[in-house]
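A.B. asks: I am attaching a structure below and will ask some questions about it afterwards.
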Amino acid sequence: MNDVEAKLMEAQEGALAALVDVQSEPGLEEWKQANLGKTSLVMRMFGSLGQVPKEDRPAVGRAVNALKVALETAFTEKQQVVKQNQLSQAIASEKLDITLPGRALRRGRLHPLNMTLREIYRVFGDMGFQIYRSPEVELDDFNFTFLNIPPYHPARDMWDTFYTETEGVLLRTHTSPGQIRVMRERAPEDIRVILPGVCMRYEQLTARSEIEFIQIEVLVVGKGISFADMKGTLKDFVARTFGPEARTRLRPSYFPFTEPSAEMDVECFICGGEGCGVCKGSGWLEILGCGMVHPTVLQYGGYDPSVYSGFAAGMGIDRSTLMRYRIDDIRHFRNNDIRFLEQY
Ligand SMILES: [Zn+2]
């Protein structure tokens, strides 16, 4: 037993002395292999405990275990010292140069669609209109029924709609449901608002159409509002947007929620009315749909159509933004590619 103890003592002293010289992680690993690895003295002694005479076995076992614990403790302590030294060296050698210029932040800028929107807000704001925001997820009744598009009405075929799993709830196909919401909120006061926002239609993605688009709707309700008021207001809007010399024309059209209905064209601002690729040779660009608010819609909004009248107009701003900035593909708007956005 004394022989064994002496042997273990010697092994411990030798191992600890060797550990003093270790200064790196590979050195640590090497030391661990030699002194605590499978072929190390400690492990070999554990393996051969069965050959030790029975009466000596507990004492030898304890002694070997004590050596193992001592070596492991020393190893862990040394490991921390080595790590700490490496960190100190790294800090000393990688000094921070505070005189270097900082990294420039890339500044964001307004999306072309938002620039168009803000321009339109400004124009209508100058004309005394308020902005009214209404939900993008709508009830079927607000999107269709209250706008004079009952369930059996063939006009519902004009839109392919995203319906949600909840019955009667859908992604609005136009900003017009906001007309009902603002009327119900304000009736019987006069209304002069614009309703901007995102709309969704189930369409195939092409360079000219997207499932998501932004519309702005105009709504005026009051006593004695006439078709002439509508024409004057919209001509004023065009003059403030495209310049006082911009010519406009109204063409008869059809919408379920207005009667009579019209489309307004503006003289092509690219060719000046002579005909070009953008206006497809006609000299005119279609910019908005409009009309007198249908009596049924007024009624659903809480206004008596025998006393009140109003007009509404709606325009998509995606295509006009394409033209305004000469953008060739509508899909650029929602690709989130900063290289596109940086150009404007
Ligand atoms: Zn043209």
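Each chain in the structure tokens gets a letter, A, B, ..., in the order shown, and its residues are numbered from 1; ligands are numbered from 1 in order too.
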For the contact check between chain A and ligand 1, emit one row per residue of chain A within 10 Å, containing the shortest atom pair and the distance in Å rounded to one decimal, counting only C-alpha atoms and all ligand atoms, chain then rising number order, as a Markdown table.
C.D. replies:
| residue | atom | partner | partner_atom_place_in_ligand_line | distance |
| --- | --- | --- | --- | --- |
| A:Glu267 | CA | ligand 1 | 1 (Zn) | 7.7 |
| A:Cys268 | CA | ligand 1 | 1 (Zn) | 4.5 |
| A:Phe269 | CA | ligand 1 | 1 (Zn) | 6.5 |
| A:Ile270 | CA | ligand 1 | 1 (Zn) | 5.1 |
| A:Cys271 | CA | ligand 1 | 1 (Zn) | 4.1 |
| A:Gly272 | CA | ligand 1 | 1 (Zn) | 6.4 |
| A:Gly273 | CA | ligand 1 | 1 (Zn) | 5.8 |
| A:Glu274 | CA | ligand 1 | 1 (Zn) | 6.3 |
| A:Gly275 | CA | ligand 1 | 1 (Zn) | 4.4 |
| A:Cys276 | CA | ligand 1 | 1 (Zn) | 3.9 |
| A:Gly277 | CA | ligand 1 | 1 (Zn) | 6.3 |
| A:Val278 | CA | ligand 1 | 1 (Zn) | 5.3 |
| A:Cys279 | CA | ligand 1 | 1 (Zn) | 4.2 |
| A:Lys280 | CA | ligand 1 | 1 (Zn) | 6.8 |
| A:Gly281 | CA | ligand 1 | 1 (Zn) | 6.2 |
| A:Ser282 | CA | ligand 1 | 1 (Zn) | 6.9 |
| A:Gly283 | CA | ligand 1 | 1 (Zn) | 4.8 |
| A:Trp284 | CA | ligand 1 | 1 (Zn) | 6.6 |
| A:Leu285 | CA | ligand 1 | 1 (Zn) | 7.5 |
A.B. asks: When you look at Ala187 of chain A with a cut-off of 12 Å (counting only C-alpha atoms), what residues show up, excluding the ones that are within fewer than 2 positions of it in the same chain? I need them as a PyMOL selection string.
C.D. replies: chain A and resi 179-185+189-191+221-223+298-304+308
A.B. asks: Grab the residues selected above and save them as a PDB file, in the first residue's frame with N, CA, C and O atoms.
C.D. replies:
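Saved the output as out08.pdb:
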ATOM      1  N   GLN A 179     -66.936  54.616 -46.978  1.00  0.00           N
ATOM      2  CA  GLN A 179     -68.021  55.597 -47.175  1.00  0.00           C
ATOM      3  C   GLN A 179     -69.142  55.350 -46.165  1.00  0.00           C
ATOM      4  O   GLN A 179     -69.653  56.275 -45.534  1.00  0.00           O
ATOM      5  N   ILE A 180     -69.530  54.074 -46.044  1.00  0.00           N
ATOM      6  CA  ILE A 180     -70.619  53.730 -45.121  1.00  0.00           C
ATOM      7  C   ILE A 180     -70.192  54.039 -43.692  1.00  0.00           C
ATOM      8  O   ILE A 180     -70.942  54.603 -42.896  1.00  0.00           O
ATOM      9  N   ARG A 181     -68.952  53.686 -43.361  1.00  0.00           N
ATOM     10  CA  ARG A 181     -68.483  53.892 -41.981  1.00  0.00           C
ATOM     11  C   ARG A 181     -68.460  55.374 -41.619  1.00  0.00           C
ATOM     12  O   ARG A 181     -68.897  55.764 -40.533  1.00  0.00           O
ATOM     13  N   VAL A 182     -67.944  56.203 -42.530  1.00  0.00           N
ATOM     14  CA  VAL A 182     -67.871  57.629 -42.187  1.00  0.00           C
ATOM     15  C   VAL A 182     -69.269  58.244 -42.156  1.00  0.00           C
ATOM     16  O   VAL A 182     -69.590  59.079 -41.306  1.00  0.00           O
ATOM     17  N   MET A 183     -70.157  57.795 -43.049  1.00  0.00           N
ATOM     18  CA  MET A 183     -71.525  58.336 -43.034  1.00  0.00           C
ATOM     19  C   MET A 183     -72.240  57.971 -41.734  1.00  0.00           C
ATOM     20  O   MET A 183     -72.882  58.812 -41.118  1.00  0.00           O
ATOM     21  N   ARG A 184     -72.107  56.715 -41.323  1.00  0.00           N
ATOM     22  CA  ARG A 184     -72.798  56.286 -40.099  1.00  0.00           C
ATOM     23  C   ARG A 184     -72.250  57.020 -38.874  1.00  0.00           C
ATOM     24  O   ARG A 184     -72.960  57.243 -37.910  1.00  0.00           O
ATOM     25  N   GLU A 185     -70.957  57.354 -38.930  1.00  0.00           N
ATOM     26  CA  GLU A 185     -70.353  58.049 -37.808  1.00  0.00           C
ATOM     27  C   GLU A 185     -70.786  59.516 -37.759  1.00  0.00           C
ATOM     28  O   GLU A 185     -70.963  60.083 -36.693  1.00  0.00           O
ATOM     29  N   GLU A 189     -74.372  65.174 -40.341  1.00  0.00           N
ATOM     30  CA  GLU A 189     -73.485  66.304 -40.667  1.00  0.00           C
ATOM     31  C   GLU A 189     -73.013  66.230 -42.116  1.00  0.00           C
ATOM     32  O   GLU A 189     -73.040  65.170 -42.731  1.00  0.00           O
ATOM     33  N   ASP A 190     -72.495  67.370 -42.606  1.00  0.00           N
ATOM     34  CA  ASP A 190     -71.856  67.381 -43.931  1.00  0.00           C
ATOM     35  C   ASP A 190     -70.544  66.587 -43.861  1.00  0.00           C
ATOM     36  O   ASP A 190     -69.868  66.584 -42.841  1.00  0.00           O
ATOM     37  N   ILE A 191     -70.202  65.960 -44.975  1.00  0.00           N
ATOM     38  CA  ILE A 191     -68.973  65.165 -45.025  1.00  0.00           C
ATOM     39  C   ILE A 191     -68.116  65.645 -46.193  1.00  0.00           C
ATOM     40  O   ILE A 191     -68.617  65.890 -47.287  1.00  0.00           O
ATOM     41  N   VAL A 221     -70.780  64.667 -48.873  1.00  0.00           N
ATOM     42  CA  VAL A 221     -72.217  64.518 -48.636  1.00  0.00           C
ATOM     43  C   VAL A 221     -72.722  65.802 -47.978  1.00  0.00           C
ATOM     44  O   VAL A 221     -72.062  66.364 -47.108  1.00  0.00           O
ATOM     45  N   GLY A 222     -73.874  66.258 -48.434  1.00  0.00           N
ATOM     46  CA  GLY A 222     -74.461  67.452 -47.834  1.00  0.00           C
ATOM     47  C   GLY A 222     -75.780  67.756 -48.526  1.00  0.00           C
ATOM     48  O   GLY A 222     -76.247  66.991 -49.372  1.00  0.00           O
ATOM     49  N   LYS A 223     -76.356  68.896 -48.160  1.00  0.00           N
ATOM     50  CA  LYS A 223     -77.604  69.287 -48.821  1.00  0.00           C
ATOM     51  C   LYS A 223     -77.262  70.038 -50.105  1.00  0.00           C
ATOM     52  O   LYS A 223     -76.442  70.951 -50.099  1.00  0.00           O
ATOM     53  N   LEU A 298     -76.722  56.198 -49.677  1.00  0.00           N
ATOM     54  CA  LEU A 298     -76.982  57.264 -48.699  1.00  0.00           C
ATOM     55  C   LEU A 298     -77.853  56.736 -47.569  1.00  0.00           C
ATOM     56  O   LEU A 298     -77.600  57.006 -46.388  1.00  0.00           O
ATOM     57  N   GLN A 299     -78.868  55.968 -47.952  1.00  0.00           N
ATOM     58  CA  GLN A 299     -79.780  55.425 -46.953  1.00  0.00           C
ATOM     59  C   GLN A 299     -79.046  54.484 -45.992  1.00  0.00           C
ATOM     60  O   GLN A 299     -79.210  54.578 -44.776  1.00  0.00           O
ATOM     61  N   TYR A 300     -78.248  53.585 -46.545  1.00  0.00           N
ATOM     62  CA  TYR A 300     -77.473  52.678 -45.681  1.00  0.00           C
ATOM     63  C   TYR A 300     -76.519  53.462 -44.787  1.00  0.00           C
ATOM     64  O   TYR A 300     -76.159  53.027 -43.691  1.00  0.00           O
ATOM     65  N   GLY A 301     -76.085  54.639 -45.249  1.00  0.00           N
ATOM     66  CA  GLY A 301     -75.187  55.463 -44.447  1.00  0.00           C
ATOM     67  C   GLY A 301     -75.913  56.298 -43.413  1.00  0.00           C
ATOM     68  O   GLY A 301     -75.278  56.970 -42.603  1.00  0.00           O
ATOM     69  N   GLY A 302     -77.255  56.298 -43.474  1.00  0.00           N
ATOM     70  CA  GLY A 302     -78.021  57.040 -42.482  1.00  0.00           C
ATOM     71  C   GLY A 302     -78.440  58.436 -42.935  1.00  0.00           C
ATOM     72  O   GLY A 302     -78.803  59.278 -42.106  1.00  0.00           O
ATOM     73  N   TYR A 303     -78.390  58.695 -44.241  1.00  0.00           N
ATOM     74  CA  TYR A 303     -78.818  59.999 -44.774  1.00  0.00           C
ATOM     75  C   TYR A 303     -80.095  59.820 -45.606  1.00  0.00           C
ATOM     76  O   TYR A 303     -80.214  58.852 -46.362  1.00  0.00           O
ATOM     77  N   ASP A 304     -81.006  60.756 -45.463  1.00  0.00           N
ATOM     78  CA  ASP A 304     -82.246  60.723 -46.230  1.00  0.00           C
ATOM     79  C   ASP A 304     -81.960  61.249 -47.642  1.00  0.00           C
ATOM     80  O   ASP A 304     -81.639  62.433 -47.811  1.00  0.00           O
ATOM     81  N   TYR A 308     -80.538  64.852 -48.674  1.00  0.00           N
ATOM     82  CA  TYR A 308     -79.087  64.926 -48.854  1.00  0.00           C
ATOM     83  C   TYR A 308     -78.676  64.320 -50.193  1.00  0.00           C
ATOM     84  O   TYR A 308     -79.341  63.443 -50.730  1.00  0.00           O
TER      85      TYR A 308
END
A.B. asks: Using only C-alpha atoms, which of A:Glu72, A:Glu10, A:Asp265, A:Glu5 sits nearest Ala59 of chain A?
C.D. replies: A:Glu5
A.B. asks: Find the residues around Ile327 of chain A up to 12 Å (only C-alpha atoms counted), leave out those fewer than 2 positions away in its own chain, and share them as a list in words.
C.D. replies: Pro112, Leu113, Ala207, Arg208, Val278, Asp318, Arg319, Ser320, Thr321, Leu322, Met323, Arg324, Tyr325, Asp329, Ile330, Arg331, His332, Phe333, Phe340, Leu341, Gln343 and Tyr344 of chain A
A.B. asks: Assign secondary structure with DSSP using the backbone only, and return the residues of segment 92-228 of chain A in alpha helix (DSSP H) as a PDB file with N, CA and C atoms, in the first residue's frame.
C.D. replies:
ATOM      1  N   ALA A  92      -5.263  43.722 -25.329  1.00  0.00           N
ATOM      2  CA  ALA A  92      -4.065  44.552 -25.474  1.00  0.00           C
ATOM      3  C   ALA A  92      -3.696  44.740 -26.940  1.00  0.00           C
ATOM      4  N   SER A  93      -3.863  43.681 -27.740  1.00  0.00           N
ATOM      5  CA  SER A  93      -3.404  43.756 -29.133  1.00  0.00           C
ATOM      6  C   SER A  93      -4.446  44.383 -30.061  1.00  0.00           C
ATOM      7  N   PRO A 112     -42.137  55.408 -53.292  1.00  0.00           N
ATOM      8  CA  PRO A 112     -42.830  56.205 -54.322  1.00  0.00           C
ATOM      9  C   PRO A 112     -44.349  56.260 -54.115  1.00  0.00           C
ATOM     10  N   LEU A 113     -44.936  55.155 -53.642  1.00  0.00           N
ATOM     11  CA  LEU A 113     -46.389  55.170 -53.423  1.00  0.00           C
ATOM     12  C   LEU A 113     -46.752  56.167 -52.317  1.00  0.00           C
ATOM     13  N   ASN A 114     -45.904  56.227 -51.280  1.00  0.00           N
ATOM     14  CA  ASN A 114     -46.181  57.173 -50.201  1.00  0.00           C
ATOM     15  C   ASN A 114     -45.978  58.614 -50.652  1.00  0.00           C
ATOM     16  N   MET A 115     -45.030  58.812 -51.584  1.00  0.00           N
ATOM     17  CA  MET A 115     -44.837  60.175 -52.096  1.00  0.00           C
ATOM     18  C   MET A 115     -46.082  60.618 -52.860  1.00  0.00           C
ATOM     19  N   THR A 116     -46.628  59.700 -53.681  1.00  0.00           N
ATOM     20  CA  THR A 116     -47.858  60.029 -54.405  1.00  0.00           C
ATOM     21  C   THR A 116     -49.005  60.293 -53.431  1.00  0.00           C
ATOM     22  N   LEU A 117     -49.120  59.408 -52.427  1.00  0.00           N
ATOM     23  CA  LEU A 117     -50.194  59.579 -51.439  1.00  0.00           C
ATOM     24  C   LEU A 117     -50.104  60.942 -50.751  1.00  0.00           C
ATOM     25  N   ARG A 118     -48.892  61.288 -50.338  1.00  0.00           N
ATOM     26  CA  ARG A 118     -48.737  62.550 -49.606  1.00  0.00           C
ATOM     27  C   ARG A 118     -49.065  63.743 -50.483  1.00  0.00           C
ATOM     28  N   GLU A 119     -48.708  63.629 -51.761  1.00  0.00           N
ATOM     29  CA  GLU A 119     -49.040  64.703 -52.689  1.00  0.00           C
ATOM     30  C   GLU A 119     -50.562  64.866 -52.785  1.00  0.00           C
ATOM     31  N   ILE A 120     -51.256  63.735 -52.867  1.00  0.00           N
ATOM     32  CA  ILE A 120     -52.723  63.794 -52.967  1.00  0.00           C
ATOM     33  C   ILE A 120     -53.326  64.300 -51.652  1.00  0.00           C
ATOM     34  N   TYR A 121     -52.783  63.850 -50.523  1.00  0.00           N
ATOM     35  CA  TYR A 121     -53.263  64.373 -49.229  1.00  0.00           C
ATOM     36  C   TYR A 121     -53.133  65.893 -49.190  1.00  0.00           C
ATOM     37  N   ARG A 122     -51.982  66.369 -49.664  1.00  0.00           N
ATOM     38  CA  ARG A 122     -51.712  67.804 -49.598  1.00  0.00           C
ATOM     39  C   ARG A 122     -52.744  68.569 -50.433  1.00  0.00           C
ATOM     40  N   VAL A 123     -52.979  68.049 -51.661  1.00  0.00           N
ATOM     41  CA  VAL A 123     -53.921  68.737 -52.553  1.00  0.00           C
ATOM     42  C   VAL A 123     -55.318  68.762 -51.942  1.00  0.00           C
ATOM     43  N   PHE A 124     -55.795  67.614 -51.486  1.00  0.00           N
ATOM     44  CA  PHE A 124     -57.151  67.589 -50.914  1.00  0.00           C
ATOM     45  C   PHE A 124     -57.196  68.323 -49.566  1.00  0.00           C
ATOM     46  N   GLY A 125     -56.089  68.292 -48.833  1.00  0.00           N
ATOM     47  CA  GLY A 125     -56.033  69.046 -47.583  1.00  0.00           C
ATOM     48  C   GLY A 125     -56.222  70.538 -47.840  1.00  0.00           C
ATOM     49  N   ASP A 126     -55.554  71.027 -48.886  1.00  0.00           N
ATOM     50  CA  ASP A 126     -55.701  72.437 -49.254  1.00  0.00           C
ATOM     51  C   ASP A 126     -57.144  72.759 -49.618  1.00  0.00           C
ATOM     52  N   ASP A 140     -68.619  41.656 -45.214  1.00  0.00           N
ATOM     53  CA  ASP A 140     -69.252  41.499 -46.521  1.00  0.00           C
ATOM     54  C   ASP A 140     -70.289  42.605 -46.772  1.00  0.00           C
ATOM     55  N   ASP A 141     -71.091  42.898 -45.759  1.00  0.00           N
ATOM     56  CA  ASP A 141     -72.143  43.907 -45.917  1.00  0.00           C
ATOM     57  C   ASP A 141     -71.582  45.280 -46.265  1.00  0.00           C
ATOM     58  N   PHE A 142     -70.484  45.638 -45.617  1.00  0.00           N
ATOM     59  CA  PHE A 142     -69.902  46.962 -45.873  1.00  0.00           C
ATOM     60  C   PHE A 142     -69.221  47.008 -47.231  1.00  0.00           C
ATOM     61  N   ASN A 143     -68.608  45.887 -47.605  1.00  0.00           N
ATOM     62  CA  ASN A 143     -67.883  45.873 -48.870  1.00  0.00           C
ATOM     63  C   ASN A 143     -68.833  45.785 -50.071  1.00  0.00           C
ATOM     64  N   PRO A 177     -66.157  50.765 -48.723  1.00  0.00           N
ATOM     65  CA  PRO A 177     -66.839  50.487 -47.450  1.00  0.00           C
ATOM     66  C   PRO A 177     -66.629  51.597 -46.426  1.00  0.00           C
ATOM     67  N   GLY A 178     -65.514  52.317 -46.530  1.00  0.00           N
ATOM     68  CA  GLY A 178     -65.262  53.442 -45.637  1.00  0.00           C
ATOM     69  C   GLY A 178     -66.322  54.535 -45.788  1.00  0.00           C
ATOM     70  N   GLN A 179     -66.936  54.616 -46.978  1.00  0.00           N
ATOM     71  CA  GLN A 179     -68.021  55.597 -47.175  1.00  0.00           C
ATOM     72  C   GLN A 179     -69.142  55.350 -46.165  1.00  0.00           C
ATOM     73  N   ILE A 180     -69.530  54.074 -46.044  1.00  0.00           N
ATOM     74  CA  ILE A 180     -70.619  53.730 -45.121  1.00  0.00           C
ATOM     75  C   ILE A 180     -70.192  54.039 -43.692  1.00  0.00           C
ATOM     76  N   ARG A 181     -68.952  53.686 -43.361  1.00  0.00           N
ATOM     77  CA  ARG A 181     -68.483  53.892 -41.981  1.00  0.00           C
ATOM     78  C   ARG A 181     -68.460  55.374 -41.619  1.00  0.00           C
ATOM     79  N   VAL A 182     -67.944  56.203 -42.530  1.00  0.00           N
ATOM     80  CA  VAL A 182     -67.871  57.629 -42.187  1.00  0.00           C
ATOM     81  C   VAL A 182     -69.269  58.244 -42.156  1.00  0.00           C
ATOM     82  N   MET A 183     -70.157  57.795 -43.049  1.00  0.00           N
ATOM     83  CA  MET A 183     -71.525  58.336 -43.034  1.00  0.00           C
ATOM     84  C   MET A 183     -72.240  57.971 -41.734  1.00  0.00           C
ATOM     85  N   ARG A 184     -72.107  56.715 -41.323  1.00  0.00           N
ATOM     86  CA  ARG A 184     -72.798  56.286 -40.099  1.00  0.00           C
ATOM     87  C   ARG A 184     -72.250  57.020 -38.874  1.00  0.00           C
ATOM     88  N   GLU A 185     -70.957  57.354 -38.930  1.00  0.00           N
ATOM     89  CA  GLU A 185     -70.353  58.049 -37.808  1.00  0.00           C
ATOM     90  C   GLU A 185     -70.786  59.516 -37.759  1.00  0.00           C
ATOM     91  N   ARG A 186     -70.975  60.135 -38.942  1.00  0.00           N
ATOM     92  CA  ARG A 186     -71.170  61.586 -38.978  1.00  0.00           C
ATOM     93  C   ARG A 186     -72.614  62.023 -39.217  1.00  0.00           C
ATOM     94  N   PHE A 227     -73.934  67.416 -59.387  1.00  0.00           N
ATOM     95  CA  PHE A 227     -72.951  66.881 -60.339  1.00  0.00           C
ATOM     96  C   PHE A 227     -71.925  67.968 -60.689  1.00  0.00           C
ATOM     97  N   ALA A 228     -72.407  69.210 -60.759  1.00  0.00           N
ATOM     98  CA  ALA A 228     -71.490  70.322 -61.066  1.00  0.00           C
ATOM     99  C   ALA A 228     -70.443  70.492 -59.972  1.00  0.00           C
TER     100      ALA A 228
END
A.B. asks: Using only C-alpha atoms, which residues sit within 10 Å of Val52 of chain A once same-chain residues fewer than 5 positions away are excluded, as a ChimeraX atom specification?
C.D. replies: /A:1,45,57-58,60-61
A.B. asks: Using N, CA, C and O atoms, can you export the residues from the last selection as a compact mmCIF listing (two decimals), in the first residue's frame?
C.D. replies:
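Everything below was put into selection32.txt:
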# COMPACT_ATOMS: atom_id res chain seq x y z
N MET A 1 0.83 -1.21 0.00
CA MET A 1 0.00 0.00 0.00
C MET A 1 0.87 1.26 0.00
O MET A 1 0.64 2.18 -0.73
N MET A 45 -5.07 2.59 -13.31
CA MET A 45 -5.19 2.06 -11.95
C MET A 45 -6.63 1.72 -11.59
O MET A 45 -6.91 0.72 -10.95
N ARG A 57 -8.07 -3.01 -1.26
CA ARG A 57 -8.82 -2.38 -2.35
C ARG A 57 -9.49 -1.05 -1.98
O ARG A 57 -9.32 -0.06 -2.71
N PRO A 58 -10.20 -0.96 -0.81
CA PRO A 58 -10.86 0.33 -0.51
C PRO A 58 -9.86 1.46 -0.39
O PRO A 58 -10.08 2.54 -0.92
N VAL A 60 -6.80 1.72 -1.67
CA VAL A 60 -6.21 2.07 -2.98
C VAL A 60 -7.22 2.84 -3.82
O VAL A 60 -6.91 3.84 -4.45
N GLY A 61 -8.46 2.36 -3.79
CA GLY A 61 -9.52 3.04 -4.56
C GLY A 61 -9.63 4.49 -4.14
O GLY A 61 -9.70 5.39 -4.99
A.B. asks: Pick out the closest residue to Thr258 of chain A from this set: A:Gln215, A:Asn148, A:Asn335, A:Asn35. Count only C-alpha atoms.
C.D. replies: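 Residue with the minimum atom-to-atom distance to Thr258 of chain A: A:Asn148.
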A.B. asks: Check segment 97-313 of chain A with DSSP on the backbone and list each residue it calls strand (DSSP E), as a PyMOL selection string.
C.D. replies: chain A and resi 130-131+137-139+169-171+191-200+212-222+248-255+258-267+284-293+309-313
A.B. asks: Would you mind listing what lies within 8 Å of Glu212 of chain A as a ChimeraX atom specification, with only C-alpha atoms counted and same-chain residues fewer than 2 positions away left out?
C.D. replies: /A:198-201,210,214
A.B. asks: Please write the residues from the selection above to a file, keeping N, CA, C and O atoms, as a PDB file, in the first residue's frame.
C.D. replies:
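Saved as part.pdb:
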ATOM      1  N   VAL A 198     -55.049  50.395 -48.364  1.00  0.00           N
ATOM      2  CA  VAL A 198     -54.723  49.182 -49.107  1.00  0.00           C
ATOM      3  C   VAL A 198     -55.988  48.387 -49.399  1.00  0.00           C
ATOM      4  O   VAL A 198     -56.863  48.259 -48.541  1.00  0.00           O
ATOM      5  N   CYS A 199     -56.100  47.882 -50.608  1.00  0.00           N
ATOM      6  CA  CYS A 199     -57.203  47.008 -51.012  1.00  0.00           C
ATOM      7  C   CYS A 199     -56.604  45.746 -51.624  1.00  0.00           C
ATOM      8  O   CYS A 199     -55.462  45.740 -52.049  1.00  0.00           O
ATOM      9  N   MET A 200     -57.412  44.690 -51.660  1.00  0.00           N
ATOM     10  CA  MET A 200     -56.923  43.399 -52.169  1.00  0.00           C
ATOM     11  C   MET A 200     -57.911  42.824 -53.179  1.00  0.00           C
ATOM     12  O   MET A 200     -59.116  42.795 -52.916  1.00  0.00           O
ATOM     13  N   ARG A 201     -57.375  42.355 -54.271  1.00  0.00           N
ATOM     14  CA  ARG A 201     -58.209  41.589 -55.198  1.00  0.00           C
ATOM     15  C   ARG A 201     -57.437  40.362 -55.637  1.00  0.00           C
ATOM     16  O   ARG A 201     -56.218  40.408 -55.771  1.00  0.00           O
ATOM     17  N   GLU A 210     -51.462  43.890 -59.462  1.00  0.00           N
ATOM     18  CA  GLU A 210     -51.004  43.272 -58.224  1.00  0.00           C
ATOM     19  C   GLU A 210     -52.236  42.844 -57.452  1.00  0.00           C
ATOM     20  O   GLU A 210     -53.315  43.398 -57.642  1.00  0.00           O
ATOM     21  N   ILE A 214     -53.237  50.379 -53.692  1.00  0.00           N
ATOM     22  CA  ILE A 214     -53.709  51.467 -52.825  1.00  0.00           C
ATOM     23  C   ILE A 214     -54.706  52.319 -53.594  1.00  0.00           C
ATOM     24  O   ILE A 214     -54.482  52.688 -54.746  1.00  0.00           O
TER      25      ILE A 214
END
